[in-house]
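Take a look at the structure below.
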Amino acid sequence: FDPFHFMIFSEELRRLGTYGLTDGLSGGTSIGLPVIIKFGSEDLCRRIVPGVLLGKARCALAISEPYAGSDVAQIRTYGKLTSDGQSYVVSGVKKWITGGMFARYFSTLVKTPKGHTMMVIDREFAGDNFETKQIYTSYSKAAGTSYVTIDNVVVPRENIIGQEGKGFFYTMANFNTERWGMACGGNRHSRLMVEECFRWAMSRKVFSKALIQQPVIRLKLAQMAAEVEAVHSLIEDITYQMCNMTSSDIAKHLAGPFALLKYKQTRTAQLVADTTCQIFGGRALTRSGMGVLVEKFQRSQKMQAILGGSEEILADLAMRQAVKSVGKGERAKKLSRL
């Protein structure tokens, strides 16, 4: 089971056309568990991973806060070491936590004296000092998006993911695959909209002939199909690289491509949402009947352009990575001439 299989898994889940439901079922776990598997100790993995994979418990990623969205370094959730040095006492709030309403384990980024540190907070162990409240979003209640309050929760040091002080690096590395996964699922939703439009255009009659016979409709379908196929080609290209690179090389070389992929995918989704709405007309605005999936897409696609890093942040990240790479190349050339 490699990234190629995960791409297929993600796309098949999104065939349902209900982004919030699939986020609630697997979205939180798919971004909260990998950081434990990749960087957590054997003991931590043994205690958490089997139960989550068997569906006995769920996991969520708790990074974003009311004060820190894409600017992860500005988080305020902090942890103080206890006098015996065996645990951290953690306090703070997290926001926009996908699947948080259903999760037991939270892979949480915390500020500590040693720097940003990732640690697992166990809701059952935390008790009343840990609370989640539903955030009602435009795209779905089923996603379990939550506001998390952490009030002097004791977290054993054995729940720390990897090394203390390296949490920021783990977060950034985890973001790469998160953005790739969002692009895989998001583009499958866009493809579903193209399919729905084809079905509608073939059956709908306007001015005594099928909608598909109108040149302007065929142009709209072509524009959507071309963009969706271009994104899918980029997804498969990056997925192939992921299957043939080490984790360290992926983190080093693909951060920019991941960012560009997600940026391109969400821009395409915007085009598809607008075009689909125009083709379906009034039915695109109803929550039942033939346009139900289109209406859901209208509400859900925009969140992709914000969650996991906003479009503007990702576009800038991709260019900064490119400049850095070009800069290294130019320095190497200068050194070779000396």
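How things are named: the first chain in the structure tokens is A, the next is B, and so on; residues count from 1 in each chain; ligands count from 1 in the order shown.
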Using only C-alpha atoms, which residues sit within 12 Å of Val206 of chain A once same-chain residues fewer than 6 positions away are excluded, as a PyMOL selection string? chain A and resi 200+212-214+217+279-281
For the residues selected in the previous step, produce a file with all heavy atoms as an mmCIF file, in the first residue's frame.
```cif
data_model
loop_
_atom_site.group_PDB
_atom_site.id
_atom_site.type_symbol
_atom_site.label_atom_id
_atom_site.label_comp_id
_atom_site.auth_asym_id
_atom_site.auth_seq_id
_atom_site.Cartn_x
_atom_site.Cartn_y
_atom_site.Cartn_z
ATOM 1 N N TRP A 200 -26.680 15.761 -17.458
ATOM 2 C CA TRP A 200 -27.721 16.773 -17.513
ATOM 3 C C TRP A 200 -27.854 17.349 -18.921
ATOM 4 O O TRP A 200 -28.961 17.497 -19.446
ATOM 5 C CB TRP A 200 -27.422 17.880 -16.508
ATOM 6 C CG TRP A 200 -28.366 19.046 -16.540
ATOM 7 C CD1 TRP A 200 -28.065 20.334 -16.871
ATOM 8 C CD2 TRP A 200 -29.762 19.033 -16.226
ATOM 9 N NE1 TRP A 200 -29.171 21.134 -16.789
ATOM 10 C CE2 TRP A 200 -30.240 20.358 -16.387
ATOM 11 C CE3 TRP A 200 -30.648 18.042 -15.832
ATOM 12 C CZ2 TRP A 200 -31.558 20.709 -16.173
ATOM 13 C CZ3 TRP A 200 -31.972 18.394 -15.613
ATOM 14 C CH2 TRP A 200 -32.418 19.713 -15.782
ATOM 15 N N ILE A 212 -26.892 19.685 -24.874
ATOM 16 C CA ILE A 212 -25.554 19.369 -25.374
ATOM 17 C C ILE A 212 -25.364 19.854 -26.806
ATOM 18 O O ILE A 212 -24.227 20.011 -27.278
ATOM 19 C CB ILE A 212 -25.307 17.836 -25.301
ATOM 20 C CG1 ILE A 212 -23.828 17.493 -25.511
ATOM 21 C CG2 ILE A 212 -26.172 17.107 -26.325
ATOM 22 C CD1 ILE A 212 -22.936 17.906 -24.402
ATOM 23 N N GLN A 213 -26.447 20.147 -27.511
ATOM 24 C CA GLN A 213 -26.345 20.619 -28.888
ATOM 25 C C GLN A 213 -26.018 22.109 -28.978
ATOM 26 O O GLN A 213 -25.770 22.625 -30.072
ATOM 27 C CB GLN A 213 -27.649 20.330 -29.639
ATOM 28 C CG GLN A 213 -27.890 18.841 -29.872
ATOM 29 C CD GLN A 213 -29.173 18.583 -30.629
ATOM 30 O OE1 GLN A 213 -30.239 18.376 -30.034
ATOM 31 N NE2 GLN A 213 -29.087 18.615 -31.958
ATOM 32 N N GLN A 214 -26.016 22.771 -27.835
ATOM 33 C CA GLN A 214 -25.664 24.193 -27.818
ATOM 34 C C GLN A 214 -24.133 24.332 -27.775
ATOM 35 O O GLN A 214 -23.482 23.810 -26.860
ATOM 36 C CB GLN A 214 -26.270 24.872 -26.584
ATOM 37 C CG GLN A 214 -27.780 24.806 -26.505
ATOM 38 C CD GLN A 214 -28.441 25.666 -27.558
ATOM 39 O OE1 GLN A 214 -27.818 26.528 -28.171
ATOM 40 N NE2 GLN A 214 -29.736 25.416 -27.784
ATOM 41 N N ILE A 217 -22.478 25.338 -24.482
ATOM 42 C CA ILE A 217 -22.450 24.305 -23.445
ATOM 43 C C ILE A 217 -21.286 23.359 -23.676
ATOM 44 O O ILE A 217 -20.574 22.970 -22.736
ATOM 45 C CB ILE A 217 -23.782 23.532 -23.401
ATOM 46 C CG1 ILE A 217 -24.937 24.482 -23.043
ATOM 47 C CG2 ILE A 217 -23.712 22.374 -22.409
ATOM 48 C CD1 ILE A 217 -24.803 25.155 -21.687
ATOM 49 N N ILE A 279 -24.562 25.677 -15.979
ATOM 50 C CA ILE A 279 -25.156 24.634 -16.820
ATOM 51 C C ILE A 279 -26.432 24.087 -16.196
ATOM 52 O O ILE A 279 -27.432 23.860 -16.885
ATOM 53 C CB ILE A 279 -24.137 23.506 -17.074
ATOM 54 C CG1 ILE A 279 -22.989 24.013 -17.965
ATOM 55 C CG2 ILE A 279 -24.812 22.292 -17.731
ATOM 56 C CD1 ILE A 279 -21.877 23.011 -18.186
ATOM 57 N N PHE A 280 -26.435 23.899 -14.883
ATOM 58 C CA PHE A 280 -27.604 23.340 -14.207
ATOM 59 C C PHE A 280 -28.687 24.382 -13.941
ATOM 60 O O PHE A 280 -29.842 24.033 -13.710
ATOM 61 C CB PHE A 280 -27.186 22.693 -12.879
ATOM 62 C CG PHE A 280 -26.937 21.222 -12.975
ATOM 63 C CD1 PHE A 280 -25.749 20.748 -13.511
ATOM 64 C CD2 PHE A 280 -27.875 20.299 -12.527
ATOM 65 C CE1 PHE A 280 -25.500 19.388 -13.610
ATOM 66 C CE2 PHE A 280 -27.641 18.945 -12.619
ATOM 67 C CZ PHE A 280 -26.451 18.481 -13.163
ATOM 68 N N GLY A 281 -28.307 25.651 -13.935
ATOM 69 C CA GLY A 281 -29.302 26.686 -13.681
ATOM 70 C C GLY A 281 -29.852 26.619 -12.264
ATOM 71 O O GLY A 281 -29.121 26.354 -11.311
#
```
What are the DSSP strand (DSSP E) residues of segment 205-240 of chain A, as a list in words? Lys205, Val206, Lys209 and Ala210 of chain A
Which is closer to Cys45 of chain A than all the others in A:Gln134, A:Asn159, A:Ser146, A:Thr77, using only C-alpha atoms?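 That would be A:Asn159, the residue with the smallest distance to Cys45 of chain A.
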Extract, using only C-alpha atoms, all DNA, RNA and protein residues at most 9 Å from Phe125 of chain A, discarding same-chain residues fewer than 4 positions from it, and format them as a list in words. Ile121, Val153, Val154 and Val155 of chain A
List as a list in words the protein and nucleic acid residues near Arg320 of chain A, meaning an atom at most 12 Å away when only C-alpha atoms are counted, but skip any in the same chain fewer than 5 places from it.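 Contacts, with the query itself left out: Ala255, Gly256, Pro257, Ala259, Leu260, Ile313, Leu314, Ala315, Ser325, Val326 and Gly327 of chain A.
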List as a VMD selection string the protein and nucleic acid residues near Thr276 of chain A, meaning an atom at most 8 Å away when only C-alpha atoms are counted, but skip any in the same chain fewer than 5 places from it. chain A and resid 193 to 194 197 284 294
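Take atom CA of Gly92 of chain A and atom CA of Gly79 of chain A: the distance between them is 8.9 Å.
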Among listed residues A:Leu254, A:Cys59, A:Ile306, A:Ala225, nearest Asp122 of chain A (using only C-alpha atoms): A:Cys59
Atom-to-atom span, atom CA of Ile150 of chain A and atom CA of Thr177 of chain A, Å: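 Atom CA of Ile150 of chain A sits 26.8 Å away from atom CA of Thr177 of chain A.
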Interatomic distance, atom CA of Gln301 of chain A to atom CA of Gly186 of chain A (Å, one decimal):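 Going from atom CA of Gln301 of chain A over to atom CA of Gly186 of chain A, I get 7.6 Å.
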Nearest to Val216 of chain A by atom-to-atom distance, counting only C-alpha atoms, from A:Phe169, A:Thr275, A:Tyr67, A:Met245: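 Between A:Phe169, A:Thr275, A:Tyr67, A:Met245, the residue approaching Val216 of chain A most closely is A:Thr275.
Residues in contact with Pro66 of chain A at up to 8 Å, not including ones fewer than 5 positions away on its chain and judged by only C-alpha atoms, are Val93, Lys94 and Lys95 of chain A.
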Could you write those residues out with N, CA and C atoms, as a PDB file, in the first residue's frame?
```pdb
ATOM      1  N   VAL A  93      -5.993  26.582  22.911  1.00  0.00           N
ATOM      2  CA  VAL A  93      -7.177  26.269  22.097  1.00  0.00           C
ATOM      3  C   VAL A  93      -6.734  25.953  20.676  1.00  0.00           C
ATOM      4  N   LYS A  94      -7.511  25.093  20.025  1.00  0.00           N
ATOM      5  CA  LYS A  94      -7.295  24.749  18.626  1.00  0.00           C
ATOM      6  C   LYS A  94      -8.614  24.954  17.877  1.00  0.00           C
ATOM      7  N   LYS A  95      -8.515  25.322  16.610  1.00  0.00           N
ATOM      8  CA  LYS A  95      -9.724  25.623  15.846  1.00  0.00           C
ATOM      9  C   LYS A  95      -9.651  25.011  14.453  1.00  0.00           C
TER      10      LYS A  95
END
```
Close residues, segment 12-20 of chain A itself excluded, 10 Å, only C-alpha atoms, min 3 positions apart in chain, as a ChimeraX atom specification: /A:6-9,23-27,98-99,137-145,184-193,292-294,296-297,299-301
Keeping N, CA, C and O atoms for every residue in the selection just given, could you write it to a file as a short mmCIF file (atom, residue, chain, number, x, y, z; two decimals), in the first residue's frame?
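And here is the file that came out, result.cif:
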```cif
data_model
loop_
_atom_site.label_atom_id
_atom_site.label_comp_id
_atom_site.auth_asym_id
_atom_site.auth_seq_id
_atom_site.Cartn_x
_atom_site.Cartn_y
_atom_site.Cartn_z
N PHE A 6 -3.13 4.91 -2.11
CA PHE A 6 -3.85 5.91 -1.30
C PHE A 6 -4.57 6.90 -2.21
O PHE A 6 -5.67 7.37 -1.88
N MET A 7 -3.97 7.23 -3.34
CA MET A 7 -4.62 8.12 -4.31
C MET A 7 -5.94 7.50 -4.78
O MET A 7 -6.98 8.17 -4.83
N ILE A 8 -5.90 6.21 -5.11
CA ILE A 8 -7.11 5.51 -5.55
C ILE A 8 -8.14 5.49 -4.42
O ILE A 8 -9.34 5.75 -4.64
N PHE A 9 -7.69 5.17 -3.22
CA PHE A 9 -8.59 5.13 -2.05
C PHE A 9 -9.28 6.47 -1.85
O PHE A 9 -10.50 6.54 -1.64
N ASP A 23 -14.91 13.40 4.95
CA ASP A 23 -14.00 14.04 5.91
C ASP A 23 -14.26 13.53 7.32
O ASP A 23 -13.33 13.29 8.09
N GLY A 24 -15.53 13.39 7.67
CA GLY A 24 -15.88 12.91 9.00
C GLY A 24 -15.46 11.46 9.21
O GLY A 24 -15.04 11.07 10.30
N LEU A 25 -15.55 10.65 8.14
CA LEU A 25 -15.20 9.23 8.25
C LEU A 25 -13.69 9.01 8.33
O LEU A 25 -13.22 8.18 9.10
N SER A 26 -12.95 9.75 7.52
CA SER A 26 -11.51 9.46 7.44
C SER A 26 -10.61 10.69 7.39
O SER A 26 -9.39 10.56 7.54
N GLY A 27 -11.18 11.86 7.19
CA GLY A 27 -10.36 13.06 6.99
C GLY A 27 -9.43 13.36 8.14
O GLY A 27 -8.23 13.61 7.97
N THR A 98 -10.64 19.15 11.88
CA THR A 98 -11.47 18.20 11.15
C THR A 98 -11.56 16.88 11.91
O THR A 98 -10.54 16.32 12.32
N GLY A 99 -12.78 16.39 12.09
CA GLY A 99 -12.99 15.13 12.79
C GLY A 99 -12.82 15.21 14.29
O GLY A 99 -12.90 14.19 14.99
N THR A 137 -20.03 24.76 9.81
CA THR A 137 -19.48 25.31 8.58
C THR A 137 -20.51 25.24 7.46
O THR A 137 -21.51 24.54 7.57
N SER A 138 -20.22 25.94 6.38
CA SER A 138 -21.15 25.95 5.24
C SER A 138 -21.13 24.63 4.49
O SER A 138 -22.08 24.29 3.80
N TYR A 139 -20.03 23.85 4.65
CA TYR A 139 -19.94 22.68 3.78
C TYR A 139 -20.48 21.41 4.41
O TYR A 139 -21.02 20.57 3.71
N SER A 140 -20.41 21.22 5.74
CA SER A 140 -21.01 20.01 6.30
C SER A 140 -20.81 19.91 7.80
O SER A 140 -19.71 20.15 8.30
N LYS A 141 -21.86 19.48 8.49
CA LYS A 141 -21.75 19.15 9.91
C LYS A 141 -21.10 17.79 10.09
O LYS A 141 -20.48 17.50 11.11
N ALA A 142 -21.22 16.92 9.07
CA ALA A 142 -20.72 15.56 9.15
C ALA A 142 -19.20 15.49 9.27
O ALA A 142 -18.65 14.47 9.69
N ALA A 143 -18.49 16.57 8.90
CA ALA A 143 -17.03 16.57 8.99
C ALA A 143 -16.55 16.62 10.44
O ALA A 143 -15.38 16.34 10.71
N GLY A 144 -17.43 16.97 11.37
CA GLY A 144 -17.04 17.01 12.78
C GLY A 144 -16.03 18.09 13.09
O GLY A 144 -15.20 17.96 14.00
N THR A 145 -16.06 19.19 12.32
CA THR A 145 -15.13 20.30 12.54
C THR A 145 -15.35 20.88 13.93
O THR A 145 -16.47 21.16 14.33
N CYS A 184 -6.07 15.11 -4.32
CA CYS A 184 -6.59 13.87 -4.91
C CYS A 184 -8.11 13.81 -4.78
O CYS A 184 -8.82 13.58 -5.76
N GLY A 185 -8.59 14.01 -3.55
CA GLY A 185 -10.03 13.95 -3.32
C GLY A 185 -10.77 15.10 -3.96
O GLY A 185 -11.86 14.92 -4.53
N GLY A 186 -10.19 16.29 -3.88
CA GLY A 186 -10.85 17.47 -4.43
C GLY A 186 -11.03 17.39 -5.93
O GLY A 186 -12.08 17.76 -6.47
N ASN A 187 -10.02 16.89 -6.63
CA ASN A 187 -10.13 16.81 -8.09
C ASN A 187 -11.12 15.73 -8.51
O ASN A 187 -11.78 15.85 -9.55
N ARG A 188 -11.26 14.68 -7.68
CA ARG A 188 -12.27 13.66 -8.00
C ARG A 188 -13.67 14.26 -7.89
O ARG A 188 -14.58 13.90 -8.64
N HIS A 189 -13.86 15.18 -6.96
CA HIS A 189 -15.13 15.88 -6.85
C HIS A 189 -15.39 16.72 -8.10
O HIS A 189 -16.51 16.77 -8.61
N SER A 190 -14.35 17.39 -8.57
CA SER A 190 -14.51 18.19 -9.79
C SER A 190 -14.86 17.30 -10.97
O SER A 190 -15.71 17.65 -11.80
N ARG A 191 -14.22 16.14 -11.05
CA ARG A 191 -14.52 15.20 -12.13
C ARG A 191 -15.98 14.75 -12.06
O ARG A 191 -16.66 14.61 -13.08
N LEU A 192 -16.46 14.53 -10.83
CA LEU A 192 -17.86 14.13 -10.65
C LEU A 192 -18.80 15.20 -11.18
O LEU A 192 -19.84 14.90 -11.77
N MET A 193 -18.43 16.47 -10.99
CA MET A 193 -19.27 17.55 -11.48
C MET A 193 -19.31 17.57 -13.02
O MET A 193 -20.35 17.85 -13.62
N VAL A 292 -28.70 17.97 -6.53
CA VAL A 292 -28.27 17.90 -5.14
C VAL A 292 -26.75 17.84 -4.99
O VAL A 292 -26.17 18.50 -4.12
N LEU A 293 -26.07 17.07 -5.85
CA LEU A 293 -24.61 16.97 -5.75
C LEU A 293 -23.94 18.27 -6.17
O LEU A 293 -22.91 18.66 -5.61
N VAL A 294 -24.54 18.95 -7.12
CA VAL A 294 -24.00 20.24 -7.57
C VAL A 294 -24.10 21.27 -6.44
O VAL A 294 -23.16 22.03 -6.18
N LYS A 296 -24.19 20.67 -3.26
CA LYS A 296 -23.22 20.31 -2.22
C LYS A 296 -21.82 20.76 -2.62
O LYS A 296 -21.05 21.24 -1.77
N PHE A 297 -21.51 20.60 -3.89
CA PHE A 297 -20.19 21.01 -4.36
C PHE A 297 -20.01 22.52 -4.23
O PHE A 297 -18.93 23.00 -3.87
N ARG A 299 -21.15 24.38 -1.97
CA ARG A 299 -20.89 24.72 -0.57
C ARG A 299 -19.56 24.20 -0.06
O ARG A 299 -18.98 24.78 0.87
N SER A 300 -19.08 23.10 -0.64
CA SER A 300 -17.90 22.45 -0.08
C SER A 300 -16.58 22.81 -0.75
O SER A 300 -15.53 22.78 -0.11
N GLN A 301 -16.62 23.19 -2.02
CA GLN A 301 -15.36 23.37 -2.74
C GLN A 301 -14.52 24.53 -2.23
O GLN A 301 -13.30 24.47 -2.26
#
```
Residue set, segment 243-318 of chain A restricted to alpha helix (DSSP H), as a PyMOL selection string: chain A and resi 243+247-253+255-280+292-304+311-318
Please report, as a Markdown table, each residue of segment 85-118 of chain A lying at most 10 Å from segment 71-74 of chain A, together with the nearest pair of atoms and the separation in Å rounded to one decimal; use only C-alpha atoms, and order rows by chain and ascending residue number.
```
| residue | atom | partner | partner_atom | distance |
| --- | --- | --- | --- | --- |
| A:Leu109 | CA | A:Val72 | CA | 9.1 |
| A:Lys111 | CA | A:Ala73 | CA | 9.3 |
| A:His116 | CA | A:Ala73 | CA | 8.2 |
```
Using only C-alpha atoms, pick whichever of A:Asn244, A:Ser107, A:Thr239, A:Gln163 has the shortest atom-to-atom distance to Leu33 of chain A.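 Going through A:Asn244, A:Ser107, A:Thr239, A:Gln163 one by one, the smallest distance to Leu33 of chain A is for A:Ser107.
Closest approach to Arg218 of chain A from the set A:Thr108, A:Ser248, A:Val120, A:Ala201 is made by A:Ala201, with distances taken over only C-alpha atoms.
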